[in-house]
$ cat structure21.cif   # mmCIF, C-alpha atoms
data_final
loop_
_atom_site.label_atom_id
_atom_site.label_comp_id
_atom_site.auth_asym_id
_atom_site.auth_seq_id
_atom_site.Cartn_x
_atom_site.Cartn_y
_atom_site.Cartn_z
CA MET A 1 7.29 0.65 -11.47
CA ASN A 2 6.46 4.15 -12.64
CA LYS A 3 9.66 5.90 -13.71
CA ASN A 4 8.05 9.28 -12.91
CA TYR A 5 7.82 8.47 -9.19
CA TYR A 6 10.54 9.92 -6.95
CA ALA A 7 11.22 10.21 -3.24
CA ILE A 8 13.21 12.65 -1.15
CA LEU A 9 14.23 10.89 2.05
CA MET A 10 15.08 13.33 4.84
CA ALA A 11 17.92 11.92 6.92
CA GLY A 12 19.84 14.86 8.33
CA GLY A 13 18.40 15.19 11.83
CA VAL A 14 20.20 14.42 15.08
CA GLY A 15 17.34 13.10 17.24
CA SER A 16 18.79 14.60 20.42
CA ARG A 17 15.85 13.46 22.57
CA PHE A 18 17.12 9.90 22.04
CA TRP A 19 20.47 10.60 23.66
CA PRO A 20 22.65 8.74 24.59
CA VAL A 21 21.85 6.32 21.74
CA SER A 22 21.33 9.07 19.18
CA THR A 23 24.33 11.41 18.90
CA ASN A 24 25.69 13.98 16.47
CA GLU A 25 28.04 11.33 15.11
CA PHE A 26 25.44 8.54 14.88
CA PRO A 27 21.81 9.82 14.83
CA LYS A 28 18.71 7.73 15.53
CA GLN A 29 17.78 7.10 11.86
CA PHE A 30 20.89 4.91 11.60
CA HIS A 31 19.98 2.83 14.68
CA ASP A 32 17.74 -0.21 15.05
CA MET A 33 15.57 1.56 17.60
CA LEU A 34 12.82 -1.06 17.62
CA GLY A 35 15.03 -4.14 17.81
CA THR A 36 13.75 -5.46 14.45
CA GLY A 37 17.11 -6.11 12.81
CA GLU A 38 16.75 -3.06 10.53
CA THR A 39 17.63 0.56 11.16
CA LEU A 40 14.95 3.23 10.75
CA ILE A 41 16.40 4.51 7.47
CA GLN A 42 16.59 0.97 6.10
CA LYS A 43 12.94 0.36 6.95
CA THR A 44 11.90 3.67 5.38
CA PHE A 45 13.86 3.04 2.17
CA SER A 46 12.38 -0.45 1.90
CA ARG A 47 8.85 0.92 2.39
CA LEU A 48 9.27 3.60 -0.28
CA SER A 49 10.83 1.19 -2.77
CA LYS A 50 7.61 -0.83 -2.84
CA LEU A 51 6.21 1.91 -5.08
CA ILE A 52 9.17 4.01 -6.19
CA PRO A 53 12.15 2.77 -8.24
CA ALA A 54 15.14 2.48 -5.89
CA GLU A 55 17.28 4.58 -8.21
CA ASN A 56 14.72 7.41 -7.92
CA ILE A 57 15.02 7.68 -4.13
CA LEU A 58 17.29 10.56 -3.11
CA ILE A 59 18.63 10.79 0.44
CA LEU A 60 19.12 14.25 1.88
CA THR A 61 21.56 14.27 4.76
CA ASN A 62 24.36 16.17 6.39
CA GLU A 63 27.73 15.58 4.75
CA ARG A 64 29.05 13.97 7.95
CA TYR A 65 26.57 11.07 7.48
CA ASN A 66 27.49 10.20 3.90
CA ASP A 67 29.40 7.04 4.83
CA LEU A 68 26.62 5.89 7.18
CA VAL A 69 24.04 6.20 4.40
CA LEU A 70 26.14 4.29 1.88
CA SER A 71 27.00 1.52 4.34
CA GLN A 72 23.39 1.01 5.48
CA LEU A 73 21.89 1.36 2.00
CA PRO A 74 24.34 -0.49 -0.26
CA GLN A 75 21.87 -0.36 -3.17
CA VAL A 76 22.18 3.43 -3.26
CA LYS A 77 24.74 5.15 -5.49
CA GLN A 78 26.72 8.18 -4.36
CA GLU A 79 24.84 10.46 -6.76
CA GLN A 80 21.59 9.64 -4.93
CA VAL A 81 22.98 11.07 -1.67
CA LEU A 82 22.54 14.84 -1.50
CA LEU A 83 24.87 16.30 1.09
CA GLU A 84 23.97 19.43 3.04
CA PRO A 85 27.13 21.37 3.92
CA ALA A 86 25.19 23.41 6.50
CA MET A 87 22.05 22.97 8.61
CA ARG A 88 19.34 25.07 6.98
CA ASN A 89 16.05 23.35 7.92
CA THR A 90 13.80 21.66 5.36
CA ALA A 91 12.93 24.29 2.76
CA PRO A 92 16.39 24.76 1.15
CA CYS A 93 17.14 21.06 0.87
CA ILE A 94 13.70 20.30 -0.59
CA LEU A 95 14.09 23.03 -3.20
CA TYR A 96 17.57 21.79 -4.10
CA ALA A 97 16.40 18.20 -4.51
CA SER A 98 13.25 19.23 -6.40
CA LEU A 99 15.18 21.28 -8.96
CA LYS A 100 17.60 18.41 -9.41
CA ILE A 101 14.74 15.95 -9.97
CA GLN A 102 12.89 18.32 -12.29
CA LYS A 103 15.96 18.70 -14.48
CA GLN A 104 16.23 14.93 -14.74
CA ASN A 105 12.51 14.35 -15.30
CA PRO A 106 10.08 17.29 -15.80
CA ASP A 107 7.12 14.89 -15.37
CA ALA A 108 8.23 13.75 -11.91
CA VAL A 109 5.93 13.50 -8.93
CA MET A 110 7.60 13.03 -5.57
CA VAL A 111 7.10 12.28 -1.94
CA VAL A 112 9.14 13.96 0.79
CA ALA A 113 9.37 11.71 3.83
CA PRO A 114 11.31 11.64 7.11
CA SER A 115 13.69 8.69 7.48
CA ASP A 116 13.00 8.00 11.16
CA HIS A 117 9.24 7.45 11.49
CA TRP A 118 7.41 4.23 12.34
CA ILE A 119 4.63 2.95 10.06
CA GLU A 120 3.19 -0.47 10.84
CA ASP A 121 0.84 -1.18 7.90
CA GLU A 122 3.15 -0.61 4.96
CA ASN A 123 0.58 -1.79 2.43
CA ALA A 124 -1.83 0.90 3.64
CA PHE A 125 0.98 3.45 3.36
CA VAL A 126 1.68 2.42 -0.24
CA HIS A 127 -2.05 2.61 -1.04
CA ASP A 128 -2.31 6.13 0.38
CA LEU A 129 0.86 7.22 -1.39
CA GLN A 130 -0.46 5.91 -4.71
CA GLN A 131 -3.68 7.86 -4.19
CA ALA A 132 -1.67 11.00 -3.47
CA PHE A 133 0.53 10.51 -6.54
CA ASP A 134 -2.56 10.07 -8.74
CA PHE A 135 -4.05 13.30 -7.36
CA CYS A 136 -0.86 15.31 -7.86
CA GLN A 137 -0.41 14.05 -11.42
CA GLU A 138 -3.84 15.44 -12.29
CA LYS A 139 -3.86 18.68 -10.29
CA ASN A 140 -1.51 21.53 -9.46
CA ALA A 141 -1.49 20.57 -5.79
CA LEU A 142 0.78 20.65 -2.77
CA MET A 143 -0.30 17.69 -0.71
CA THR A 144 0.35 16.18 2.69
CA LEU A 145 -0.67 13.00 4.46
CA GLY A 146 -2.48 13.82 7.69
CA ILE A 147 -2.59 11.40 10.62
CA GLN A 148 -5.85 10.73 12.45
CA PRO A 149 -5.18 11.97 16.02
CA THR A 150 -5.70 9.43 18.77
CA PHE A 151 -5.17 11.73 21.76
CA PRO A 152 -4.70 15.48 22.38
CA ASN A 153 -1.00 15.62 21.58
CA THR A 154 0.61 18.99 22.27
CA GLY A 155 3.88 18.09 20.52
CA PHE A 156 2.53 18.01 16.94
CA GLY A 157 1.29 20.64 14.56
CA TYR A 158 -2.24 20.15 13.25
CA ILE A 159 -3.91 20.42 9.84
CA GLU A 160 -7.45 21.80 9.71
CA TYR A 161 -9.86 21.08 6.85
CA ASN A 162 -13.49 21.97 6.17
CA LYS A 163 -15.91 19.68 8.01
CA SER A 164 -18.31 19.68 5.08
CA ASP A 165 -15.67 18.42 2.63
CA GLU A 166 -16.67 14.84 1.83
CA ASN A 167 -13.98 14.26 -0.80
CA PRO A 168 -11.30 11.66 0.03
CA VAL A 169 -8.65 14.34 -0.55
CA LYS A 170 -9.54 17.50 1.36
CA LYS A 171 -8.63 21.14 0.85
CA VAL A 172 -6.56 22.42 3.77
CA SER A 173 -8.12 25.36 5.61
CA GLN A 174 -5.04 26.16 7.66
CA PHE A 175 -2.07 24.76 9.52
CA ARG A 176 -2.18 25.14 13.28
CA GLU A 177 0.84 25.43 15.54
CA LYS A 178 1.52 23.02 18.39
CA PRO A 179 -1.43 23.67 20.74
CA ASP A 180 -1.78 23.67 24.49
CA TYR A 181 -3.63 20.73 26.02
CA GLU A 182 -7.09 22.31 26.10
CA THR A 183 -6.79 23.48 22.49
CA ALA A 184 -5.62 20.02 21.43
CA LYS A 185 -8.69 18.51 23.13
CA SER A 186 -10.94 20.91 21.21
CA PHE A 187 -9.22 19.88 17.95
CA LEU A 188 -10.02 16.23 18.60
CA HIS A 189 -13.60 17.05 19.55
CA SER A 190 -14.06 19.01 16.31
CA GLY A 191 -13.18 15.99 14.19
CA ASN A 192 -11.67 17.93 11.29
CA PHE A 193 -8.08 18.16 12.51
CA LEU A 194 -5.19 15.87 11.61
CA TRP A 195 -1.64 15.58 12.87
CA ASN A 196 0.98 17.02 10.54
CA ALA A 197 3.42 14.16 9.94
CA GLY A 198 5.72 16.07 7.60
CA ILE A 199 5.05 13.75 4.65
CA PHE A 200 4.51 15.78 1.46
CA ILE A 201 3.57 14.87 -2.13
CA TRP A 202 3.64 17.09 -5.22
CA SER A 203 4.77 17.28 -8.81
CA ALA A 204 8.15 18.79 -9.58
CA LYS A 205 6.33 21.52 -11.47
CA ALA A 206 3.99 22.40 -8.59
CA ILE A 207 6.67 22.67 -5.90
CA THR A 208 9.18 24.63 -7.99
CA GLU A 209 6.45 27.08 -9.03
CA ALA A 210 5.50 27.48 -5.36
CA PHE A 211 9.09 28.32 -4.41
CA GLU A 212 9.30 30.77 -7.30
CA GLN A 213 6.18 32.52 -5.99
CA PHE A 214 6.73 32.45 -2.23
CA GLN A 215 10.53 32.24 -1.86
CA PRO A 216 11.93 34.15 -4.85
CA GLN A 217 15.30 34.83 -3.21
CA MET A 218 15.89 31.20 -2.30
CA ASN A 219 14.58 30.08 -5.68
CA ALA A 220 17.00 32.42 -7.46
CA LEU A 221 19.91 31.14 -5.36
CA PHE A 222 19.35 27.48 -6.19
CA SER A 223 18.22 28.10 -9.78
CA GLU A 224 21.69 29.43 -10.51
CA GLY A 225 22.85 25.83 -10.28
CA LEU A 226 20.50 24.42 -12.90
CA LEU A 227 23.27 24.05 -15.47
CA VAL A 228 25.42 21.98 -13.09
CA TYR A 229 22.80 19.81 -11.34
CA ASN A 230 23.37 16.12 -12.10
CA THR A 231 26.94 16.86 -13.22
CA GLU A 232 30.32 16.67 -11.48
CA ALA A 233 30.19 20.44 -10.85
CA GLU A 234 27.07 20.15 -8.66
CA ALA A 235 28.92 19.41 -5.42
CA SER A 236 31.12 22.51 -5.75
CA PHE A 237 28.12 24.74 -6.42
CA ILE A 238 26.25 23.42 -3.38
CA GLU A 239 29.32 23.71 -1.16
CA THR A 240 29.67 27.36 -2.12
CA ASN A 241 26.02 28.44 -2.11
CA TYR A 242 24.00 26.22 0.23
CA ALA A 243 24.84 28.07 3.44
CA LEU A 244 23.58 31.32 1.87
CA ALA A 245 20.00 30.03 1.97
CA GLU A 246 17.58 31.13 4.67
CA ASN A 247 17.13 28.75 7.59
CA ILE A 248 13.40 28.00 7.26
CA SER A 249 11.06 25.02 7.24
CA ILE A 250 8.97 23.97 4.24
CA ASP A 251 5.85 24.66 6.32
CA TYR A 252 6.69 28.32 6.90
CA ALA A 253 8.34 28.83 3.52
CA VAL A 254 5.60 27.42 1.29
CA MET A 255 2.82 25.32 2.79
CA GLU A 256 1.30 27.99 5.04
CA LYS A 257 1.35 30.56 2.22
CA ALA A 258 -0.09 28.53 -0.68
CA ASP A 259 -3.79 28.15 -1.46
CA ASN A 260 -3.49 24.88 -3.40
CA VAL A 261 -2.74 22.71 -0.37
CA TYR A 262 -4.60 19.42 0.14
CA VAL A 263 -4.53 16.66 2.73
CA LEU A 264 -5.31 12.95 2.54
CA PRO A 265 -6.27 11.46 5.93
CA ALA A 266 -3.92 8.50 6.26
CA THR A 267 -5.24 4.98 6.77
CA PHE A 268 -2.06 3.68 8.41
CA ASP A 269 -0.91 3.79 12.02
CA TRP A 270 2.00 6.20 12.49
CA ASN A 271 4.44 7.31 15.14
CA ASP A 272 7.14 9.95 14.72
CA LEU A 273 9.42 8.17 17.23
CA GLY A 274 10.41 11.56 18.55
CA THR A 275 11.09 10.57 22.16
CA TRP A 276 11.82 7.54 24.32
CA GLY A 277 8.18 7.64 25.40
CA SER A 278 6.90 7.41 21.82
CA LEU A 279 9.27 4.49 21.22
CA TYR A 280 7.95 2.82 24.38
CA GLU A 281 4.43 2.96 22.94
CA LYS A 282 5.45 0.85 19.94
CA LEU A 283 7.55 -1.81 21.68
CA PRO A 284 6.22 -5.12 23.05
CA LYS A 285 5.88 -5.16 26.82
CA ASP A 286 5.94 -7.68 29.64
CA ASN A 287 3.16 -8.27 32.16
CA GLN A 288 4.31 -5.23 34.15
CA LEU A 289 4.31 -3.04 31.02
CA ASN A 290 8.10 -2.84 30.80
CA ALA A 291 9.52 -2.51 27.26
CA VAL A 292 12.95 -4.09 26.81
CA VAL A 293 15.33 -3.75 23.84
CA ASN A 294 18.43 -5.98 23.66
CA ALA A 295 18.81 -6.25 27.44
CA ASN A 296 18.57 -9.37 29.62
CA VAL A 297 16.57 -8.16 32.61
CA PHE A 298 15.69 -9.19 36.15
CA LEU A 299 12.89 -6.94 37.40
CA GLU A 300 11.09 -6.65 40.72
CA ASN A 301 8.53 -3.98 41.61
CA ALA A 302 9.26 -2.32 38.27
CA THR A 303 6.52 -1.14 35.91
CA ASN A 304 6.05 1.01 32.82
CA ASN A 305 9.79 1.35 32.13
CA ILE A 306 11.71 1.31 28.86
CA ILE A 307 15.08 -0.42 29.14
CA ARG A 308 17.65 -0.48 26.35
CA THR A 309 21.25 -1.65 26.09
CA ASP A 310 23.55 -2.24 23.14
CA ALA A 311 24.57 -5.73 24.18
CA LYS A 312 22.91 -8.59 26.04
CA LYS A 313 23.80 -7.03 29.35
CA LEU A 314 22.07 -8.20 32.51
CA ILE A 315 20.05 -5.33 33.98
CA ILE A 316 18.66 -5.72 37.51
CA ILE A 317 16.00 -3.25 38.63
CA ASP A 318 13.92 -3.05 41.79
CA GLY A 319 11.46 -0.29 42.62
CA LEU A 320 11.54 1.84 39.48
CA ASN A 321 8.33 2.92 37.78
CA ASP A 322 7.88 5.05 34.63
CA TYR A 323 11.59 5.44 33.91
CA ILE A 324 13.85 5.49 30.87
CA ILE A 325 16.94 3.32 31.46
CA VAL A 326 19.49 3.40 28.64
CA ASP A 327 23.01 1.96 28.76
CA LYS A 328 25.25 3.10 25.91
CA GLU A 329 29.01 2.61 26.09
CA ASP A 330 30.25 5.10 28.71
CA VAL A 331 26.84 6.64 29.46
CA LEU A 332 24.03 5.35 31.68
CA LEU A 333 20.80 7.33 31.54
CA ILE A 334 18.14 6.84 34.24
CA TYR A 335 15.46 9.45 33.72
CA PRO A 336 11.72 9.85 34.48
CA LYS A 337 9.54 9.26 31.43
CA GLY A 338 7.41 12.20 32.46
CA LYS A 339 10.38 14.54 31.97
CA GLU A 340 11.56 13.11 28.65
CA GLN A 341 11.27 16.47 26.88
CA GLU A 342 14.07 17.68 29.17
CA ILE A 343 16.57 15.16 27.75
CA LYS A 344 17.42 17.48 24.85
CA ARG A 345 18.33 20.26 27.31
CA ILE A 346 20.33 17.89 29.53
CA THR A 347 22.17 16.52 26.51
CA ALA A 348 23.26 20.01 25.49
CA MET A 349 24.62 20.61 29.00
CA VAL A 350 26.59 17.38 29.44
CA THR A 351 27.98 17.03 25.91
CA LYS A 352 29.54 20.51 25.59
#

$ encode --input "structure21.cif" --output "structure tokens"
Amino acid sequence: MNKNYYAILMAGGVGSRFWPVSTNEFPKQFHDMLGTGETLIQKTFSRLSKLIPAENILILTNERYNDLVLSQLPQVKQEQVLLEPAMRNTAPCILYASLKIQKQNPDAVMVVAPSDHWIEDENAFVHDLQQAFDFCQEKNALMTLGIQPTFPNTGFGYIEYNKSDENPVKKVSQFREKPDYETAKSFLHSGNFLWNAGIFIWSAKAITEAFEQFQPQMNALFSEGLLVYNTEAEASFIETNYALAENISIDYAVMEKADNVYVLPATFDWNDLGTWGSLYEKLPKDNQLNAVVNANVFLENATNNIIRTDAKKLIIIDGLNDYIIVDKEDVLLIYPKGKEQEIKRITAMVTK
């Protein structure tokens, strides 16, 4: 394996739309959401390690999840787990990890990937990632993998590129915010829009130069730690300084400002597993289109439901259609699939 290949695995989110399974104490990336025998972070680490040396995969997470990471990824050493003492969105943690990697290996190229996404064809993913690495080794580029849209989704951001660009890797024209339904339909009709999956590839040199140009204050803050990165003093520096960083995403901080941004249309099927409905789409279903995880069910007049329990509990349902039914310890959620975006709001109300 190429010793210059690195990964930054983002594993600090809460996944509140998957409540009651996903909680602040035990978020969705640490659950076996698909009933495969592996948690989402385990599947993501395994996928990345097909191309990237395992010791070069860094996990960015909140400090409260340190023990979960180490227990689920026993091949990972403590120094590979970068702990965020405060929630500051994606830009600060990516800069921190990138400076740390660059100090260790100035020739590094890296991928930044969420830990909780679903990718079916892992060989296609590895092929696309290799193509992106090759491009970023040759060019001063900030790159992303764009997903071919399959329907007018209003929950994703979009990446626009020039229709006349026939190169495999395309120059990004602009990033577009989450659209309304009619705008999303026009994006699909245009044929030169991709979903933004939040998977980024660049060299250590390219991304640190971009932060220096577009986020000088944040860059100065984290550059003060260059002498202590990869030493025992690193943790103390981060504990003291991390919360001083601006709360901003990598998209707003860098990607939407830079003019050396490229996109590779992905060849793999992808799902961000952001809601119970998106999970439902990827689960096997019975003849009545019910998706069942772990549960032992008896169903009558029940269609298009997703049913999940922690144990082999018997669930009996009659007359429910298009519902989310989740049994988790002392919580039972029965909620219309069509209102799944409301679960985050409901969670905040009932878990105060």

$ residues_near_point --input "structure21.cif" --point "(19.9, 11.9, -10.6)" --cutoff "8 Å" --atoms "all atoms listed in the file" --output "ChimeraX atom specification"
/A:56,79-80,100-101,104,230

$ resolve_selection --input "structure21.cif" --expression "the PyMOL selection byres ((chain A and resi 316-332) around 7)" --output "list in words"
Pro20, Val21, Val297, Phe298, Leu299, Glu300, Asn301, Ala302, Thr303, Asn304, Asn305, Ile306, Ile307, Arg308, Thr309, Asp310, Leu314, Ile315, Leu333, Ile334, Tyr335, Pro336 and Lys337 of chain A

$ closest_residue --input "structure21.cif" --among "A:Arg176, A:Arg88, A:Arg47, A:Lys171" --to "A:Leu129" --atoms "all atoms listed in the file"
A:Arg47

$ resolve_selection --input "structure21.cif" --expression "the PyMOL selection byres ((chain A and resi 59) around 6)" --output "PyMOL selection string"
chain A and resi 8-9+58+60+81-82

$ write_last_selection --input "structure21.cif" --atoms "C-alpha atoms" --output "PDB file, in the coordinates of the input"
ATOM      1  CA  ILE A   8      13.210  12.650  -1.150  1.00  0.00           C
ATOM      2  CA  LEU A   9      14.230  10.890   2.050  1.00  0.00           C
ATOM      3  CA  LEU A  58      17.290  10.560  -3.110  1.00  0.00           C
ATOM      4  CA  LEU A  60      19.120  14.250   1.880  1.00  0.00           C
ATOM      5  CA  VAL A  81      22.980  11.070  -1.670  1.00  0.00           C
ATOM      6  CA  LEU A  82      22.540  14.840  -1.500  1.00  0.00           C
TER       7      LEU A  82
END

$ closest_residue --input "structure21.cif" --among "A:Phe268, A:Phe133, A:Tyr161, A:Phe18" --to "A:Phe200" --atoms "all atoms listed in the file"
A:Phe133

$ closest_residue --input "structure21.cif" --among "A:Tyr262, A:Leu48, A:Trp19, A:Val350" --to "A:Asn123" --atoms "only C-alpha atoms"
A:Leu48

$ residues_around --input "structure21.cif" --residues "A:Ile147" --least-positions-apart "3" --cutoff "12 Å" --atoms "all atoms listed in the file" --output "PyMOL selection string"
chain A and resi 119+125+128+144+150-151+153+156-160+188+192-199+263-272
